[in-house]
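Working notes for the structure below.
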Amino acid sequence: MPTTHKGWFDSVAIDYARCRPRYPKAFFAWMADQARALDCCWDAACGSGQASIGLSRWFDRVEATDLSPEQIAAADQHPRISYRQGAAEQSHLSSNSVDAVLIAAAIHWLDVEQFNREVRRVLRPGGLLVWLGYEPIRDAPEELQAWLNSLYHERLNPFWPPERIHVDACYADLKFPGCDQPLPQGLKITEHWTQNDLLGFISTWSALRNASQQVDDNDQARFLINNLSHELKQVWPKDSDQLTLHLPLMGRWGFLP
């Protein structure tokens with residue numbers, strides 16, 4: 001079975017669709033500007049369509065695939081988007097049928113070698129491939145930022161799946177199937193979040209899902225899960241109902257010969 005089917009997000013598909021951040025319009029405008037044609041884009045491992053909707057503003061047709069039927073069911077529908085269940089490593093798309101391929105926050109879950117072969121098959125000559133991800137939250141008030149940094153890098157460290165190492169490396173340790181370069185600097189997700197919004201986002205992290213499955217026999221996991229909400233209230237600025245937070249975009253992109 002392809003490595004895409006980890007099951008990390010199947011059981012929280014609705015929360016994933018509701019709580020995961022949306023990518024900025026500036027990214028999709030940049031991507032459309034790079035593509036040599038805008039007939040069709042494949043959104044591989046699309047999840048609940050966070051990127052599919054953005055792509056639909058620029059491409060005439062978006063083929064969006066994900067191995068999880070729960071994620072597909074939770075996706076926002078759009079007349080230009082065709083959702084279907086399927087592995088990124090075996091899309092069932094026609095050969096030489098798409099102008100661009102985007103894989104957003106998911107390349108680390110895949111069998112990269114198989115996915116690269118599939119990309120070569122479905123992309124038209126000179127087609128665009130983009131691996132998109134985002135870095136941890138930045139620009140929070142000092143006390144909250146310190147809490148977030150500790151949570152992400154230290155306290156959750158035992159619970160992150162091993163694939164997380166590729167995210168922390170900004171995918172630089174994975175083999176891109178052609179000449180590539182990093183995403184332009186300055187692209188970032190901007191969110192205006194309440195405490196509940198931020199807690200909802202954190203609850204979708206694969207490390208939190210992993211920790212929650214260990215609460216019965218792991219004291220560290222039990223303490224972490226039970227205290228997150230209380231801790232967040234303690235470090236949240238008392239005079240702010242909502243905060244502006246940023247997640248810088250990262251990734252790699254290039255054209256396939």
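For the structure tokens, the naming scheme is as follows: chains receive sequential letters (A, B, ...) according to their order of presentation, residues are indexed from 1 within each chain, and ligands are indexed from 1 in presentation order.
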ask   = Using the chain letters and numbers from this document, which residues of range 28-174 of chain A does DSSP assign to helix (DSSP H, G or I), as an MDAnalysis selection string?
value = chainID A and resid 28:34 52:56 69:73 107:109 112:122 142:155 157:159 164:168
key: 9 Å contact set for range 19-28 of chain A, only C-alpha atoms, chain neighbours under 2 positions out, as a ChimeraX atom specification   = /A:14-17,30-33,50-51,54-55,57-58,187-191,197-204,247,249
ask   = Do you know which residues are at most 6 Å from range 129-132 of chain A counting only C-alpha atoms, after dropping those on the same chain fewer than 2 positions away, and could you put them as a ChimeraX atom specification?
value = /A:100-105,251-254
Please identify all polymer residues within 8 Å of Gln85 in chain A, counting only C-alpha atoms, omitting same-chain residues fewer than 4 positions from it, and present them as a PDB file with C-alpha atoms, in the first residue's frame.
ATOM      1  CA  THR A  65      -6.915  13.434  -5.614  1.00  0.00           C
ATOM      2  CA  ASP A  66      -6.427  12.047  -2.113  1.00  0.00           C
ATOM      3  CA  LEU A  67      -6.214   8.540  -0.730  1.00  0.00           C
ATOM      4  CA  SER A  68      -8.548   9.357   2.174  1.00  0.00           C
ATOM      5  CA  PRO A  69     -12.269   9.221   1.321  1.00  0.00           C
ATOM      6  CA  ILE A  72     -12.430  14.080  -0.049  1.00  0.00           C
TER       7      ILE A  72
END
task = Determine the nearest neighbour of Gln34 in chain A from the options A:Arg155, A:Glu113, A:Trp160, A:Leu183, counting only C-alpha atoms.
result =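 Checking each of A:Arg155, A:Glu113, A:Trp160, A:Leu183 against Gln34 in chain A, counting only C-alpha atoms, the winner is A:Leu183.
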message = Could you pull out the strand (DSSP E or B) residues of range 66-231 of chain A, going by DSSP on the backbone, and write them as a ChimeraX atom specification?
response = /A:66,81-85,87,90,98-104,123-134,138,181-182,188-193
Just write the chosen residues, C-alpha atoms, as a PDB file, in the first residue's frame.
ATOM      1  CA  ASP A  66      -6.427  12.047  -2.113  1.00  0.00           C
ATOM      2  CA  ILE A  81     -12.555  21.018  -9.335  1.00  0.00           C
ATOM      3  CA  SER A  82     -12.900  17.277  -9.894  1.00  0.00           C
ATOM      4  CA  TYR A  83     -12.264  15.395  -6.639  1.00  0.00           C
ATOM      5  CA  ARG A  84     -11.515  11.702  -6.653  1.00  0.00           C
ATOM      6  CA  GLN A  85     -10.093   9.156  -4.259  1.00  0.00           C
ATOM      7  CA  ALA A  87      -3.066   7.544  -4.330  1.00  0.00           C
ATOM      8  CA  GLN A  90      -1.038   6.188  -8.946  1.00  0.00           C
ATOM      9  CA  VAL A  98      -1.757  18.411 -16.963  1.00  0.00           C
ATOM     10  CA  ASP A  99       0.182  21.658 -17.152  1.00  0.00           C
ATOM     11  CA  ALA A 100       1.154  21.783 -13.485  1.00  0.00           C
ATOM     12  CA  VAL A 101       1.281  19.604 -10.386  1.00  0.00           C
ATOM     13  CA  LEU A 102       1.002  20.901  -6.844  1.00  0.00           C
ATOM     14  CA  ILE A 103       1.505  18.825  -3.737  1.00  0.00           C
ATOM     15  CA  ALA A 104       0.772  20.883  -0.632  1.00  0.00           C
ATOM     16  CA  LEU A 123       2.866  16.318 -16.849  1.00  0.00           C
ATOM     17  CA  ARG A 124       3.025  17.797 -20.313  1.00  0.00           C
ATOM     18  CA  PRO A 125       6.545  18.583 -21.589  1.00  0.00           C
ATOM     19  CA  GLY A 126       7.935  21.561 -19.719  1.00  0.00           C
ATOM     20  CA  GLY A 127       5.263  21.252 -17.039  1.00  0.00           C
ATOM     21  CA  LEU A 128       5.527  22.854 -13.613  1.00  0.00           C
ATOM     22  CA  LEU A 129       5.939  20.912 -10.364  1.00  0.00           C
ATOM     23  CA  VAL A 130       5.611  22.601  -6.968  1.00  0.00           C
ATOM     24  CA  TRP A 131       6.221  21.056  -3.567  1.00  0.00           C
ATOM     25  CA  LEU A 132       4.553  23.387  -1.077  1.00  0.00           C
ATOM     26  CA  GLY A 133       4.719  23.445   2.705  1.00  0.00           C
ATOM     27  CA  TYR A 134       4.801  25.880   5.567  1.00  0.00           C
ATOM     28  CA  ARG A 138       5.778  33.009  13.828  1.00  0.00           C
ATOM     29  CA  GLN A 181      14.857  26.047  -6.603  1.00  0.00           C
ATOM     30  CA  PRO A 182      13.286  27.135  -3.304  1.00  0.00           C
ATOM     31  CA  LYS A 188       3.348  33.444   3.948  1.00  0.00           C
ATOM     32  CA  ILE A 189       0.019  32.409   5.384  1.00  0.00           C
ATOM     33  CA  THR A 190      -1.623  35.098   7.501  1.00  0.00           C
ATOM     34  CA  GLU A 191      -4.263  34.027   9.998  1.00  0.00           C
ATOM     35  CA  HIS A 192      -6.337  36.079  12.446  1.00  0.00           C
ATOM     36  CA  TRP A 193      -6.967  33.488  15.117  1.00  0.00           C
TER      37      TRP A 193
END
d(CA of His92 in chain A, CA of Phe176 in chain A) in Å = 21.4 Å
query = A:Leu148, A:Ala140, A:Cys41, A:Val119: which is nearest Leu245 in chain A, counting only C-alpha atoms?
reply =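 Checking each of A:Leu148, A:Ala140, A:Cys41, A:Val119 against Leu245 in chain A, counting only C-alpha atoms, the winner is A:Ala140.
Ranking A:Asp239, A:Asp43, A:Glu154, A:Asp180 by their shortest atom-to-atom distance to Pro257 in chain A, with only C-alpha atoms included, puts A:Asp180 first.
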message = Using only C-alpha atoms, which protein or nucleic acid residues come within 10 Å of Ala169 in chain A? Drop anything in the same chain fewer than 4 positions from it, and give the result as a count of residues only.
response = 7
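The residue that comes closest to His108 in chain A, out of A:Ala45, A:Ala211, A:Cys179, A:Leu224 and on the basis of only C-alpha atoms, is A:Ala45.
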